[in-house]
Structure formats: C-alpha cells, structure tokens
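J.: Before I ask anything, here is the structure I am working with.
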Amino acid sequence: MSGIKDLLFKMADDALIIGHRNSEWTGIGPVLEEDLAFSSMAQDKIGHAFALYTILHESFGEAEPDTLAFKRTEKEFKCCQLVELPIGEYDFSLMRHFLFDHAESLRYEMLANSSFQPLAQVAKKVKGEIKYHVMHADSWIKQLSNGTEESKARMQSALNFAFPYALGIFETVDSEKELIDSNVFLGEAELQKRWLENVSAILQGAGLTVPAVDPSKAVNGGRKGFHSEYLQPLLTEMCEVVNTDPDAEW
Amino acid sequence: MDHSIAITEQDIWLALERVKDPEIPVLSLVDMAMISKVELTNEKCVIHFTPTFVGCPALDMMKRDIKTEVELLGIATEVVLDMNNTWSSDKMSTEAKTKLEKFGIAPPVTIDDSELTQEALDRVRCPHCHSTDTTLRSAFGSTLCRAIRFCFACKQGFEQFKPI
Ligand SMILES: [Zn+2]
C-alpha cells in the first residue's frame, strides 16, 4: 500500500510544482501564443495534481487535497529537483518541459493499464491532455534547433544543463518493487528506457547531441524528500497566495 | 414529498439542456456529452457529470449551474463527478459539432480510440470559409479545450476544439 502512496505523492508533487513554475511565464512569455501555452499547461498540470491528491484523500485517508498541496513541509514533498528549478531563460523552461512531459506522457500511458483502478481512470483522462504538451514541446524544440547557429547552441546548452536533473525523474525508492510485482506500475527503469528512446529520436532529429546517461551524475534526492534550495521559497510563496485569499479556486 | 405532477427523467434531461457550457454558450452540457447518468428517486435527483479536461476551471461553476437549474423543478439535486467515465470529444453529437462550427470554432476531428496523430490533427476545416488548407499555430488557445489554427485560404486565425 505504501508503494502506491509514494507513487501518487511524487506524481502529484511533480505536477503541482511544475504547474506553478509554468504559470510564472504568464504575461512574460516570448510571444503571446507562448504565454497562453504555458498558462494552459500550468492549469492542466495543477488539475492533474489535484486529481491525484483526491485519490490520496479518498482511497488512503490522507488530508483534503488543498491541505496536501499547500500545508505540507518541504521534506514531505516528493517532487524531483528538475521541476523545482526557477524558470530561467526560455530555452531552459522549454527544454525542461520537453524532457519532463515525454516522461509524463509515457508514465500515464503505462498507468492507464494499472491494476490500481482509481489511478488507471485518472491516467486514461490525463494521457490525452499530456499529448498536447508533448506536441507543443516537440514543435518548439525542432523549430529552435533548426534556427540560427546561436539558437541551436542555446538549445544544446539548455539540454546539457537539464539532462542530469531529468535523470532524477527516475530515481527509485524501496517501495517500488511491490508496485511492479502487483502490476500497478512497470517501474522507473522501464520508464527511463522508453523515455530515452523517445527524447533521443526528437533531439537527434533536431541535430542536437544527447548527453550520455551517467547514473552518477543524476540529480537524485527529490523522491526521498531532499530538495534544491529553490523548493522552499516556492512553497512559501504558494502558501502565501492561498492564505491571503482563502477562497481562491485552483 | 408527494408531487401532484411527478417529475420524470425526461424533465431532468430537458432542464439539463438549458445548462450551457460557460466557455461555449451555444452548447449545453448534454450536447457536450458531459452528463453520463441521471438517477431519479421520489426524494432526490443525482446527476453524474464527466469533466472534459481534468483541470477545467469552469467545473465548479457548471456543477452549481446544474444544481440550480434542476432544483427549479422542485427536487433536491446532487451533482457528483463521474471519474469512472472518460470523456472524449468523439462523444459529442454531430449536431453539437455543427453548432460549434456555426459559432466559429472548428469542431474536434474524430480520433479513433484515443490515438491522436499529427495527421488527424491536420484534417481541420476552417469554420469561416470551410477550406482545409489550415495549419496549427499553437496547441493552446484561450481555454484548455481550444487550439489556435490559421487558414491559408481566407488568411484568418481561428480556434479549434481540441480532439481528446
Ligand atoms: Zn478560412
């Protein structure tokens, strides 16, 4: 049972945190369409987080979704460090979105066949939405990498920077074995394998060099509650927004 | 409670036809295929409601609108989210899609069994001039359910209801 909870928490926390990061592009995106795209994706992601917190509440007796989202300590969050990083330049945000959403898409596709029904139901809905996020990322990666020498070099350096953090998405915890044994989830190793195939195809097609997968460089810790310096300030900020406007709808 | 004229399930469906999608005022929630079940007993009515997008911000508003409209019939109403039913744009009726196109939004193309391909996405007709010479500008429009496209024939941008 704790395996499913661990899985739900890390997925929900990833979605909540990247959703908040994406929403920071509202009003400052490079073009209006990108503004809309990032704020729509943020809304989708926060919706996904709440759907997962709702399962934790209804199937496992955890607190209300709002409490789980806004009243936990940093240590209790299980998001990977990739999603915590500040939005930085647009190149980085785009590359993070590309690397993260390819993993999300495959994860939800796997989970649509999960033996744990409440999660399988949510996954069936979410996987259709995530396809649009992936499509969006793919088309911009192709466009920018085929642009000027400068834009291509910037995409490559964004990739080199984000890649070790992206490997941290697939950090495993001990409770994963029971999930694999009971057909709840195929596991992070399998997910990473499929992810690497998909992202490599797009990146190489765009003329970028995929960094070598070096497990010793993976930025791990998030799944066990160890975070970057950027998470706490974000949690504080999210919490303040909720406290000043207790009826705000998310 | 003893009603002199009993409320039928059909009355409930008619009331639901009057509840519009707040983002697309020409379509009712019935047109949108968002009502998956109506349960009616002597004491109350339970409406099972399937959201389109998981994070749809209009969800609470729609739940309130349903409750208000059905309770005008004089029956206590409860609206429950039906998470066991997966909404798909393929569930929208042909009539609903026609209304959508007349409203100026390209209706969702049919996607067979959730396999969304680039090819299917490119098969979109402009709601203004009906040309299919159109291209995707952004997968994200003014609301979660819309994408932005451009028509080469009439040189206008338009929104499309995303197939999902
Ligand atoms: Zn046209």
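Residues in the structure tokens are named by chain (A, B, ... in the order shown) and by number from 1 within that chain; ligands are numbered from 1 in the order shown.
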Residues of chain B that have any atom at most 7 Å from an atom of ligand 1: could you tabulate them with the shortest-distance atom pair and the distance in Å to one decimal, using only C-alpha atoms and all ligand atoms, ordered by chain and increasing number, as JSON lines?
T.:
```
{"residue": "B:Cys126", "atom": "CA", "partner": "ligand 1", "partner_atom_place_in_ligand_line": "1 (Zn)", "distance": 4.6}
{"residue": "B:Pro127", "atom": "CA", "partner": "ligand 1", "partner_atom_place_in_ligand_line": "1 (Zn)", "distance": 6.7}
{"residue": "B:His128", "atom": "CA", "partner": "ligand 1", "partner_atom_place_in_ligand_line": "1 (Zn)", "distance": 5.0}
{"residue": "B:Cys129", "atom": "CA", "partner": "ligand 1", "partner_atom_place_in_ligand_line": "1 (Zn)", "distance": 4.1}
{"residue": "B:His130", "atom": "CA", "partner": "ligand 1", "partner_atom_place_in_ligand_line": "1 (Zn)", "distance": 5.9}
{"residue": "B:Ser131", "atom": "CA", "partner": "ligand 1", "partner_atom_place_in_ligand_line": "1 (Zn)", "distance": 5.5}
{"residue": "B:Cys151", "atom": "CA", "partner": "ligand 1", "partner_atom_place_in_ligand_line": "1 (Zn)", "distance": 4.6}
{"residue": "B:Phe152", "atom": "CA", "partner": "ligand 1", "partner_atom_place_in_ligand_line": "1 (Zn)", "distance": 6.7}
{"residue": "B:Ala153", "atom": "CA", "partner": "ligand 1", "partner_atom_place_in_ligand_line": "1 (Zn)", "distance": 5.1}
{"residue": "B:Cys154", "atom": "CA", "partner": "ligand 1", "partner_atom_place_in_ligand_line": "1 (Zn)", "distance": 4.1}
{"residue": "B:Lys155", "atom": "CA", "partner": "ligand 1", "partner_atom_place_in_ligand_line": "1 (Zn)", "distance": 6.4}
{"residue": "B:Gln156", "atom": "CA", "partner": "ligand 1", "partner_atom_place_in_ligand_line": "1 (Zn)", "distance": 6.1}
```
J.: For the residues in the current selection, export N, CA, C and O atoms as a CSV table (one decimal), in the first residue's frame.
T.:
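Output contents, as saved in selection14.csv:
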```csv
chain,number,residue,atom,x,y,z
B,126,CYS,N,-11.6,25.1,-41.9
B,126,CYS,CA,-11.8,26.5,-41.4
B,126,CYS,C,-13.3,26.7,-41.1
B,126,CYS,O,-14.1,26.5,-42.1
B,127,PRO,N,-13.7,27.2,-40.0
B,127,PRO,CA,-15.1,27.5,-39.7
B,127,PRO,C,-15.6,28.7,-40.5
B,127,PRO,O,-16.8,28.8,-40.7
B,128,HIS,N,-14.8,29.5,-41.0
B,128,HIS,CA,-15.2,30.7,-41.8
B,128,HIS,C,-15.5,30.4,-43.3
B,128,HIS,O,-16.5,30.6,-43.8
B,129,CYS,N,-14.5,29.7,-43.9
B,129,CYS,CA,-14.6,29.5,-45.4
B,129,CYS,C,-14.6,28.0,-45.8
B,129,CYS,O,-14.7,27.7,-46.9
B,130,HIS,N,-14.5,27.2,-44.8
B,130,HIS,CA,-14.5,25.7,-45.0
B,130,HIS,C,-13.3,25.1,-45.8
B,130,HIS,O,-13.4,24.0,-46.2
B,131,SER,N,-12.3,25.9,-45.9
B,131,SER,CA,-11.1,25.3,-46.6
B,131,SER,C,-10.4,24.4,-45.6
B,131,SER,O,-10.4,24.6,-44.4
B,151,CYS,N,-5.9,29.8,-41.2
B,151,CYS,CA,-6.4,29.3,-42.5
B,151,CYS,C,-5.7,30.1,-43.6
B,151,CYS,O,-5.7,31.3,-43.7
B,152,PHE,N,-5.0,29.3,-44.6
B,152,PHE,CA,-4.3,29.9,-45.7
B,152,PHE,C,-5.2,30.5,-46.7
B,152,PHE,O,-4.9,31.4,-47.4
B,153,ALA,N,-6.4,29.9,-46.8
B,153,ALA,CA,-7.4,30.4,-47.9
B,153,ALA,C,-7.9,31.7,-47.6
B,153,ALA,O,-7.9,32.6,-48.4
B,154,CYS,N,-8.4,31.9,-46.3
B,154,CYS,CA,-9.0,33.2,-46.0
B,154,CYS,C,-8.2,34.1,-45.1
B,154,CYS,O,-8.5,35.2,-44.7
B,155,LYS,N,-7.0,33.6,-44.9
B,155,LYS,CA,-5.9,34.3,-44.1
B,155,LYS,C,-6.4,34.8,-42.7
B,155,LYS,O,-6.1,35.9,-42.3
B,156,GLN,N,-7.2,33.9,-42.1
B,156,GLN,CA,-7.7,34.3,-40.7
B,156,GLN,C,-7.3,33.2,-39.7
B,156,GLN,O,-7.2,32.1,-40.1
```
J.: Give the residues of chain A that lie within 12 Å of chain B; count only C-alpha atoms, and format the answer as a ChimeraX atom specification.
T.: /A:15-16,19,31-52,54-55,109,112,117-140,248-250
J.: Go ahead and write the residues just picked, C-alpha atoms, as a tab-separated table (two decimals), in the first residue's frame.
T.:
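Written output follows (part.tsv):
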```
chain	number	residue	atom	x	y	z
A	15	ALA	CA	2.67	18.20	-11.45
A	16	LEU	CA	1.91	20.82	-8.80
A	19	GLY	CA	2.48	23.77	-12.87
A	31	VAL	CA	5.31	35.69	-27.74
A	32	LEU	CA	1.63	35.83	-26.84
A	33	GLU	CA	0.99	32.28	-28.04
A	34	GLU	CA	3.67	31.01	-25.69
A	35	ASP	CA	2.08	32.90	-22.84
A	36	LEU	CA	-1.18	31.10	-23.49
A	37	ALA	CA	0.56	27.78	-23.94
A	38	PHE	CA	2.47	27.94	-20.68
A	39	SER	CA	-0.52	29.13	-18.69
A	40	SER	CA	-2.78	26.46	-20.21
A	41	MET	CA	-0.25	23.78	-19.44
A	42	ALA	CA	0.05	25.13	-15.92
A	43	GLN	CA	-3.71	24.81	-15.45
A	44	ASP	CA	-3.66	21.28	-16.81
A	45	LYS	CA	-0.82	20.27	-14.52
A	46	ILE	CA	-2.38	21.72	-11.39
A	47	GLY	CA	-5.59	19.88	-12.34
A	48	HIS	CA	-3.63	16.64	-12.61
A	49	ALA	CA	-2.03	17.22	-9.22
A	50	PHE	CA	-5.43	17.72	-7.62
A	51	ALA	CA	-6.87	14.61	-9.27
A	52	LEU	CA	-4.02	12.61	-7.70
A	54	THR	CA	-8.00	13.41	-4.42
A	55	ILE	CA	-7.13	9.72	-4.81
A	109	GLU	CA	0.20	5.62	-20.82
A	112	ALA	CA	-3.78	3.64	-17.93
A	117	GLN	CA	-8.27	1.29	-10.75
A	118	PRO	CA	-8.58	4.83	-9.38
A	119	LEU	CA	-5.18	5.68	-10.84
A	120	ALA	CA	-5.90	3.90	-14.14
A	121	GLN	CA	-9.05	6.02	-14.54
A	122	VAL	CA	-7.25	9.30	-13.97
A	123	ALA	CA	-4.41	8.18	-16.25
A	124	LYS	CA	-6.82	7.49	-19.11
A	125	LYS	CA	-8.03	11.07	-18.95
A	126	VAL	CA	-4.68	12.71	-18.37
A	127	LYS	CA	-2.74	10.93	-21.10
A	128	GLY	CA	-4.84	12.62	-23.79
A	129	GLU	CA	-4.10	16.06	-22.35
A	130	ILE	CA	-0.37	15.40	-21.99
A	131	LYS	CA	-0.14	14.53	-25.68
A	132	TYR	CA	-0.73	18.19	-26.44
A	133	HIS	CA	2.02	19.21	-24.05
A	134	VAL	CA	4.42	16.85	-25.79
A	135	MET	CA	3.39	18.05	-29.22
A	136	HIS	CA	3.95	21.62	-28.15
A	137	ALA	CA	7.41	20.88	-26.79
A	138	ASP	CA	8.42	18.83	-29.83
A	139	SER	CA	7.47	21.51	-32.31
A	140	TRP	CA	9.41	24.23	-30.47
A	248	ALA	CA	-9.17	31.20	-4.32
A	249	GLU	CA	-10.08	28.37	-6.63
A	250	TRP	CA	-7.26	26.37	-8.11
```
J.: I'd like the neighbourhood of A:Ala162 as a list in words, where a residue qualifies if any of its atoms comes within 8 Å (using only C-alpha atoms), though same-chain residues fewer than 6 positions away should be ignored.
T.: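 Final neighbour list, sorted by chain and number: Leu82, Phe92, Met95 and Arg96 of chain A.
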J.: Residues of stretch 33-107 of chain A that have any atom at most 9 Å from an atom of stretch 168-190 of chain A: could you tabulate them with the shortest-distance atom pair and the distance in Å to one decimal, using only C-alpha atoms, ordered by chain and increasing number, as CSV?
T.:
```
residue,atom,partner,partner_atom,distance
A:Cys79,CA,A:Ile169,CA,8.3
A:Cys80,CA,A:Ile169,CA,5.5
A:Gln81,CA,A:Gly168,CA,7.0
A:Leu82,CA,A:Gly168,CA,7.2
A:Phe100,CA,A:Ile169,CA,7.9
A:Ala103,CA,A:Ile169,CA,8.1
A:Arg107,CA,A:Phe185,CA,8.6
```
J.: Take atom CA of A:Asn243 and atom CA of A:Ser23 and report the distance between them in Å, one decimal.
T.: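 So the two atoms, atom CA of A:Asn243 and atom CA of A:Ser23, lie 18.6 Å apart.
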J.: Within stretch 2-89 of chain B, find each residue whose DSSP state, derived from the backbone, is helix (DSSP H, G or I), and express the selection as JSON, numbers by chain.
T.: {"B": [9, 10, 11, 12, 13, 14, 15, 16, 17, 59, 60, 61, 62, 63, 64, 65, 66, 67, 68, 69, 70, 71, 89]}
J.: Could you tell me how far atom CA of B:Glu23 lies from atom CA of A:Thr67, in Å and to one decimal?
T.: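 Pair atom CA of B:Glu23 / atom CA of A:Thr67 returns 29.2 Å.
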J.: Select from stretch 26-98 of chain B everything DSSP, run on the backbone, classes as strand (DSSP E), then give the selection as a ChimeraX atom specification.
T.: /B:26-28,35-40,44-49,76-81
J.: Find the residue from B:His48, B:Leu27, B:Phe161, B:Ala58 that sits nearest to B:Val109; use only C-alpha atoms when measuring.
T.: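 Answer, going by the shortest atom-to-atom distance: B:Phe161.
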J.: What is the distance between atom CA of B:Arg123 and atom CA of A:Ile202, in Å to one decimal?
T.: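 Between atom CA of B:Arg123 and atom CA of A:Ile202 the gap is 23.3 Å.
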J.: Nearest to A:Ser93 among A:Val241, A:Leu106, A:Leu208, A:Met155, with distances taken over only C-alpha atoms: which residue is it?
T.: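 Between A:Val241, A:Leu106, A:Leu208, A:Met155, the residue approaching A:Ser93 most closely is A:Met155.
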J.: Please determine, counting only C-alpha atoms, which residue among B:Val26, B:Ala33, B:Ile105, B:Ile12 has the shortest atom-to-atom distance to B:Lys67.
T.: B:Ile12
